[in-house]
file coords-v5.txt (compact mmCIF, C-alpha atoms and all ligand atoms)
# COMPACT_ATOMS: atom_id res chain seq x y z
CA MET A 914 41.02 121.48 377.48
CA ARG A 915 40.52 118.82 380.07
CA ILE A 916 37.74 116.36 379.35
CA ARG A 917 36.48 113.46 381.40
CA LEU A 918 34.79 110.57 379.65
CA LYS A 919 32.48 108.35 381.64
CA LEU A 920 32.81 104.72 380.65
CA PRO A 921 29.71 102.53 380.31
CA ALA A 922 28.92 100.84 383.62
CA ASN A 923 29.62 97.36 382.24
CA ALA A 924 32.85 98.30 380.41
CA GLN A 925 35.94 96.32 381.35
CA PHE A 926 38.53 98.97 380.67
CA ARG A 927 41.91 98.39 382.28
CA PHE A 928 44.98 100.38 381.48
CA LEU A 929 48.48 100.97 382.70
CA PRO A 930 49.39 104.54 383.65
CA GLY A 931 51.08 106.09 380.62
CA GLN A 932 48.99 104.34 377.97
CA TYR A 933 46.72 106.03 375.44
CA ILE A 934 43.42 105.55 373.67
CA ASP A 935 42.29 106.26 370.14
CA LEU A 936 39.27 108.51 369.88
CA LEU A 937 37.07 107.86 366.85
CA ILE A 938 35.44 111.03 365.69
CA PRO A 939 32.94 111.78 362.89
CA GLY A 940 34.34 111.46 359.39
CA GLY A 941 36.10 108.19 360.14
CA ILE A 942 38.96 110.05 361.83
CA ARG A 943 41.04 108.55 364.59
CA ARG A 944 43.38 110.39 366.93
CA SER A 945 45.47 109.12 369.84
CA LEU A 946 45.23 110.73 373.27
CA SER A 947 47.07 109.83 376.45
CA ILE A 948 45.08 108.86 379.51
CA ALA A 949 45.71 111.43 382.23
CA ASN A 950 44.05 109.86 385.26
CA SER A 951 45.33 106.94 387.27
CA PRO A 952 43.59 103.54 387.05
CA GLU A 953 42.43 103.93 390.67
CA ASP A 954 40.08 106.63 389.37
CA GLU A 955 37.73 103.97 388.07
CA GLY A 956 34.98 104.45 385.51
CA PHE A 957 36.50 107.54 383.90
CA ILE A 958 39.10 108.54 381.38
CA GLU A 959 40.62 111.99 381.67
CA LEU A 960 42.19 113.60 378.61
CA HIS A 961 44.20 116.80 378.13
CA LEU A 962 43.92 118.35 374.69
CA ARG A 963 45.72 121.19 373.05
CA ASN A 964 43.99 122.98 370.19
CA TYR A 965 46.13 122.24 367.12
CA GLY A 966 43.41 123.31 364.69
CA GLY A 967 43.13 119.89 363.05
CA PRO A 968 40.06 117.62 362.83
CA LEU A 969 40.16 116.43 366.46
CA SER A 970 40.73 119.93 367.82
CA ASN A 971 37.92 121.37 365.71
CA PHE A 972 35.58 118.62 366.85
CA VAL A 973 36.40 118.86 370.56
CA PHE A 974 36.78 122.62 370.85
CA GLY A 975 33.99 123.47 368.41
CA LYS A 976 31.28 120.81 368.56
CA LEU A 977 31.61 118.43 371.51
CA LYS A 978 29.04 118.95 374.24
CA GLU A 979 28.59 117.52 377.70
CA ASN A 980 26.98 114.06 377.64
CA ASP A 981 27.77 113.41 373.97
CA LEU A 982 28.50 109.80 373.17
CA LEU A 983 32.00 109.01 371.88
CA ARG A 984 33.68 105.89 370.57
CA LEU A 985 37.17 104.96 371.62
CA GLU A 986 39.57 102.06 371.32
CA GLY A 987 42.37 101.07 373.62
CA PRO A 988 44.32 101.03 375.74
CA PHE A 989 47.46 101.04 373.60
CA GLY A 990 51.15 101.67 374.02
CA SER A 991 54.22 100.53 375.89
CA PHE A 992 54.85 103.81 377.69
CA PHE A 993 54.39 102.65 381.27
CA VAL A 994 56.58 102.39 384.34
CA ARG A 995 58.89 99.39 384.58
CA ASP A 996 58.16 98.12 388.08
CA ASP A 997 61.08 95.72 388.11
CA SER A 998 63.46 98.63 388.66
CA ASP A 999 63.99 100.85 391.66
CA LYS A 1000 66.09 103.40 389.81
CA PRO A 1001 65.17 107.04 390.33
CA MET A 1002 62.92 108.30 387.54
CA ILE A 1003 63.19 111.44 385.47
CA LEU A 1004 59.76 112.29 384.09
CA LEU A 1005 60.08 114.63 381.13
CA ALA A 1006 56.96 116.24 379.67
CA SER A 1007 56.41 118.82 376.98
CA GLY A 1008 53.01 120.50 376.74
CA THR A 1009 50.17 117.97 376.95
CA GLY A 1010 52.83 115.30 377.34
CA PHE A 1011 52.04 116.06 380.97
CA ALA A 1012 48.86 113.94 380.68
CA PRO A 1013 50.39 110.43 380.87
CA ILE A 1014 52.97 111.68 383.38
CA GLN A 1015 50.13 112.81 385.64
CA SER A 1016 48.66 109.32 385.39
CA ILE A 1017 52.02 107.76 386.24
CA ILE A 1018 52.72 110.04 389.20
CA GLU A 1019 49.24 109.72 390.71
CA HIS A 1020 49.43 105.94 390.42
CA GLU A 1021 52.90 105.78 392.00
CA LEU A 1022 51.62 107.95 394.87
CA GLN A 1023 48.48 105.84 395.33
CA LYS A 1024 50.46 102.63 395.60
CA GLY A 1025 53.11 104.26 397.81
CA SER A 1026 55.95 103.02 395.64
CA GLY A 1027 58.50 105.32 397.26
CA ARG A 1028 60.48 105.61 394.01
CA GLN A 1029 62.35 108.84 393.58
CA MET A 1030 60.66 110.98 390.90
CA THR A 1031 61.74 114.26 389.38
CA LEU A 1032 59.37 115.96 386.96
CA TYR A 1033 60.66 118.36 384.31
CA TRP A 1034 57.77 120.03 382.47
CA GLY A 1035 58.48 122.25 379.51
CA GLY A 1036 56.30 124.68 377.60
CA ARG A 1037 56.83 127.64 375.32
CA ARG A 1038 55.04 130.08 377.62
CA PRO A 1039 54.15 129.76 381.31
CA HIS A 1040 50.45 129.14 380.56
CA ASP A 1041 51.42 125.99 378.63
CA LEU A 1042 52.15 124.47 382.06
CA TYR A 1043 48.41 124.26 382.57
CA PHE A 1044 48.45 122.23 385.81
CA ASP A 1045 51.41 123.97 387.37
CA SER A 1046 49.72 124.17 390.78
CA LEU A 1047 48.95 120.44 390.78
CA ALA A 1048 52.56 119.66 389.86
CA ARG A 1049 53.79 121.96 392.65
CA SER A 1050 51.48 120.24 395.14
CA TRP A 1051 53.28 116.93 394.55
CA ALA A 1052 56.26 118.40 396.42
CA ASP A 1053 54.36 117.43 399.58
CA HIS A 1054 54.90 113.80 398.49
CA GLY A 1055 58.61 114.23 397.82
CA ILE A 1056 58.39 114.84 394.06
CA THR A 1057 60.74 117.46 392.72
CA TYR A 1058 59.11 119.60 390.02
CA VAL A 1059 61.12 121.75 387.62
CA PRO A 1060 59.03 123.92 385.27
CA VAL A 1061 60.94 125.15 382.23
CA VAL A 1062 59.80 127.77 379.71
CA SER A 1063 61.48 128.24 376.32
CA ASP A 1064 59.87 131.36 374.83
CA ALA A 1065 58.61 133.58 377.65
CA LEU A 1066 57.53 137.09 376.70
CA SER A 1067 58.31 140.06 378.94
CA GLU A 1068 54.61 140.27 379.85
CA ASP A 1069 54.86 136.73 381.26
CA ASP A 1070 57.21 137.96 384.00
CA TRP A 1071 58.74 134.46 384.09
CA ARG A 1072 61.34 134.04 386.83
CA GLY A 1073 61.81 130.29 386.59
CA ARG A 1074 64.10 128.13 384.46
CA SER A 1075 64.39 129.03 380.78
CA GLY A 1076 65.45 127.12 377.66
CA PHE A 1077 64.81 123.63 376.35
CA VAL A 1078 63.39 121.31 378.97
CA HIS A 1079 65.71 118.38 378.24
CA GLU A 1080 68.73 120.67 378.54
CA ALA A 1081 67.55 121.67 382.02
CA VAL A 1082 67.76 117.98 382.99
CA MET A 1083 71.34 117.78 381.68
CA ARG A 1084 72.37 120.92 383.51
CA ASP A 1085 71.09 119.44 386.79
CA ILE A 1086 72.25 115.84 386.32
CA ALA A 1087 75.34 115.43 384.16
CA ASP A 1088 75.50 111.67 384.72
CA LEU A 1089 72.23 109.81 384.06
CA SER A 1090 73.77 106.34 384.16
CA SER A 1091 71.81 105.30 387.25
CA TYR A 1092 68.44 106.76 386.15
CA GLN A 1093 65.37 105.73 384.18
CA VAL A 1094 63.80 108.36 381.93
CA TYR A 1095 60.15 108.57 380.85
CA ALA A 1096 59.63 111.23 378.20
CA CYS A 1097 56.45 112.31 376.49
CA GLY A 1098 55.19 115.01 374.15
CA ALA A 1099 56.43 116.88 371.10
CA PRO A 1100 58.69 114.88 368.77
CA VAL A 1101 61.54 117.39 368.88
CA VAL A 1102 61.70 117.27 372.68
CA VAL A 1103 61.55 113.48 372.97
CA LEU A 1104 64.04 112.83 370.16
CA SER A 1105 66.50 115.46 371.42
CA ALA A 1106 66.25 114.03 374.93
CA LYS A 1107 66.98 110.51 373.73
CA ARG A 1108 69.92 111.63 371.59
CA ASP A 1109 71.53 113.83 374.26
CA PHE A 1110 70.80 111.76 377.37
CA THR A 1111 72.25 108.60 375.83
CA GLY A 1112 75.00 110.34 373.85
CA ARG A 1113 76.23 112.86 376.40
CA CYS A 1114 74.95 111.82 379.84
CA SER A 1115 75.57 108.04 379.87
CA LEU A 1116 71.89 107.06 380.07
CA PRO A 1117 71.61 103.41 378.93
CA GLU A 1118 69.46 103.26 375.77
CA ASP A 1119 67.17 100.68 377.32
CA GLU A 1120 66.40 102.99 380.26
CA PHE A 1121 64.73 105.56 378.01
CA PHE A 1122 60.98 105.14 377.54
CA ALA A 1123 58.89 107.51 375.46
CA ASP A 1124 55.69 108.35 373.67
CA ILE A 1125 55.98 110.78 370.82
CA PHE A 1126 52.90 112.86 370.08
CA VAL A 1127 52.98 112.55 366.32
CA SER A 1128 49.98 114.18 364.72
CA GLY A 1129 47.35 112.30 362.79
CA ALA A 1130 46.45 108.67 363.29
CA SER A 1131 48.38 106.57 365.77
CA PRO A 1132 50.71 103.72 364.84
CA SER A 1133 48.06 101.38 366.25
CA ALA A 1134 45.53 102.46 363.62
C1 LIG B 1 50.53 108.11 371.46
C2 LIG B 1 50.00 109.51 371.28
C3 LIG B 1 49.45 110.18 372.36
C4 LIG B 1 48.96 111.48 372.19
N1 LIG B 1 48.43 112.12 373.29
C5 LIG B 1 47.98 113.39 373.17
C6 LIG B 1 47.44 114.09 374.30
O1 LIG B 1 47.37 113.56 375.42
N2 LIG B 1 46.99 115.36 374.12
C7 LIG B 1 47.05 115.99 372.88
O2 LIG B 1 46.62 117.17 372.79
N3 LIG B 1 47.55 115.35 371.81
C8 LIG B 1 48.00 114.07 371.91
N4 LIG B 1 48.49 113.41 370.81
C9 LIG B 1 48.36 114.07 369.51
C10 LIG B 1 46.92 113.83 369.02
O3 LIG B 1 46.79 112.50 368.54
C11 LIG B 1 46.51 114.77 367.88
O4 LIG B 1 47.45 114.72 366.85
C12 LIG B 1 46.37 116.19 368.37
O5 LIG B 1 45.43 116.26 369.44
C13 LIG B 1 45.87 117.11 367.26
O6 LIG B 1 44.82 116.50 366.56
P1 LIG B 1 44.10 117.28 365.37
O7 LIG B 1 43.22 116.32 364.64
O8 LIG B 1 43.48 118.54 365.91
O9 LIG B 1 45.31 117.74 364.47
P2 LIG B 1 46.23 116.82 363.52
O10 LIG B 1 45.55 116.61 362.21
O11 LIG B 1 46.65 115.58 364.26
O12 LIG B 1 47.44 117.78 363.35
C14 LIG B 1 47.26 119.07 362.79
C15 LIG B 1 48.60 119.79 362.82
O13 LIG B 1 48.87 120.18 364.18
C16 LIG B 1 50.23 119.99 364.48
N5 LIG B 1 50.35 119.09 365.64
C17 LIG B 1 49.51 118.11 365.98
N6 LIG B 1 49.90 117.50 367.12
C18 LIG B 1 51.03 118.15 367.50
C19 LIG B 1 51.89 118.00 368.61
N7 LIG B 1 51.68 117.10 369.58
N8 LIG B 1 52.95 118.85 368.71
C20 LIG B 1 53.17 119.79 367.78
N9 LIG B 1 52.38 119.98 366.69
C21 LIG B 1 51.32 119.17 366.55
C22 LIG B 1 50.89 119.44 363.24
O14 LIG B 1 51.51 120.50 362.52
C23 LIG B 1 49.76 118.89 362.42
O15 LIG B 1 50.03 118.94 361.05
C24 LIG B 1 49.00 112.12 370.94
C25 LIG B 1 49.54 111.42 369.84
C26 LIG B 1 50.04 110.14 370.01
C27 LIG B 1 50.59 109.41 368.81

call {"tool": "encode", "arguments": {"input": "coords-v5.txt", "output": "C-alpha cells"}}
result
Amino acid sequence: MRIRLKLPANAQFRFLPGQYIDLLIPGGIRRSLSIANSPEDEGFIELHLRNYGGPLSNFVFGKLKENDLLRLEGPFGSFFVRDDSDKPMILLASGTGFAPIQSIIEHELQKGSGRQMTLYWGGRRPHDLYFDSLARSWADHGITYVPVVSDALSEDDWRGRSGFVHEAVMRDIADLSSYQVYACGAPVVVLSAKRDFTGRCSLPEDEFFADIFVSGASPSA
C-alpha cells in the first residue's frame, strides 16, 4: 500500500532522501518506515507498506482511513547519498526497500546530479516490483533498471532476470572496486550483498551503505 501523509502546515520537517520515520500507532507501538518521496515534494511524506500481518500492517490495512490523524517522529537514519563522491552508484532494493531508493533517485534527478545510477530491484514474484513502470520510466533519464525475480511461478510468465538480486549485480559487474552501493530491504538481501560484494567483488567496506528492514521497533526507539 502506498500512503501519503500530509504534514501540518507549520511543521518544519526536513529529511535527506533515504531516511525513515517512526510511525506511532495505537497501543504504544512504534514502527519504522522509509520515506519514499523526495524532499522537493514538500508538505508530504509518502510511504510504501507491505502487509506483514503484524500490528502496523493490521492497523494500516485494516483500520486506517483517509484523513485520520497520525503521530510520527523523525527523520532518522544514516542511509543517504554521500555527495562528496562521484562514483557510480548501485542501488539495490528488495521489496519495499524500493521506497528510500525512489526518494534517492527522484532527488538526484531533480538536482541534475548526473551521477551514474543502476537500480537492481528484487522481489519473489513479479508483482512484488510494485512500481515497475515508474522504475522503467527512469531509463529516459539514463538510469539502468534491472528487475530480478527469485520465485516466479509459471503463471507469472516471467521472462526477465531470475535468482537473488545481489547475485545479479555480481554477474553484471565482477569488479565493484570503483562503485558505491546503497542497499535497502530484507535483512538476508542486505547482509548477503555486503558479504559478497566486499568479499568477492572488491567493494571497499566503507562504500557500502544500507538500511535493514528489521521488524518491530527501530534502533532509534
Ligand atoms: C529503518 C527501517 C525502515 C523500514 N522501512 C519500511 C518500509 O518502507 N516499508 C515497509 O513495509 N516496512 C519497512 N520497515 C519494516 C517496518 O518497520 C515493519 O516492521 C513492517 O512494516 C511490519 O510491521 P508490522 O507491525 O506489521 O509487523 P512486525 O511486528 O514488525 O513484524 C511481524 C513479522 O513480519 C515479518 N517481517 C516484518 N518486516 C519484515 C521485512 N521487512 N521482511 C521480511 N519479514 C518481515 C517478521 O517475521 C515479523 O516477525 C522498515 C524497518 C526499518 C528498521

call {"tool": "atom_distance", "arguments": {"input": "coords-v5.txt", "atom1": "atom N7 of ligand LIG 1 (chain B)", "atom2": "atom CA of Gly941 of chain A"}}
result
20.3 Å

call {"tool": "residues_near_ligand", "arguments": {"input": "coords-v5.txt", "ligand": "ligand LIG 1 (chain B)", "cutoff": "9 Å", "atoms": "only C-alpha atoms and all ligand atoms", "output": "ChimeraX atom specification"}}
result
/A:914,932-936,942-949,960-973,989-990,992,1007-1013,1097-1101,1124-1133

call {"tool": "residues_around", "arguments": {"input": "coords-v5.txt", "residues": "Val1059 of chain A", "least_positions_apart": "4", "cutoff": "8 Å", "atoms": "all atoms listed in the file", "output": "JSON, numbers by chain"}}
result
{"A": [1031, 1032, 1033, 1034, 1074]}

call {"tool": "write_last_selection", "arguments": {"input": "coords-v5.txt", "atoms": "C-alpha atoms", "output": "CSV table (one decimal), in the frame of the given file"}}
result
chain,number,residue,atom,x,y,z
A,1031,THR,CA,61.7,114.3,389.4
A,1032,LEU,CA,59.4,116.0,387.0
A,1033,TYR,CA,60.7,118.4,384.3
A,1034,TRP,CA,57.8,120.0,382.5
A,1074,ARG,CA,64.1,128.1,384.5

call {"tool": "atom_distance", "arguments": {"input": "coords-v5.txt", "atom1": "atom CA of Gly1073 of chain A", "atom2": "atom CA of Leu1089 of chain A"}}
result
23.1 Å

call {"tool": "closest_residue", "arguments": {"input": "coords-v5.txt", "among": "A:Arg1037, A:Arg1084, A:Lys1000, A:Lys919", "to": "Arg1113 of chain A", "atoms": "all atoms listed in the file"}}
result
A:Arg1084

call {"tool": "residues_near_point", "arguments": {"input": "coords-v5.txt", "point": "(59.5, 113.7, 378.4)", "cutoff": "6 Å", "atoms": "all atoms listed in the file", "output": "number ranges by chain"}}
result
A: 1004-1006, 1095-1097, 1103

call {"tool": "closest_residue", "arguments": {"input": "coords-v5.txt", "among": "A:Ser1063, A:Ser1026, A:Asn923, A:Ser1105", "to": "Asp1041 of chain A", "atoms": "all atoms listed in the file"}}
result
A:Ser1063

call {"tool": "atom_distance", "arguments": {"input": "coords-v5.txt", "atom1": "atom CA of Phe993 of chain A", "atom2": "atom CA of Asp1119 of chain A"}}
result
13.5 Å
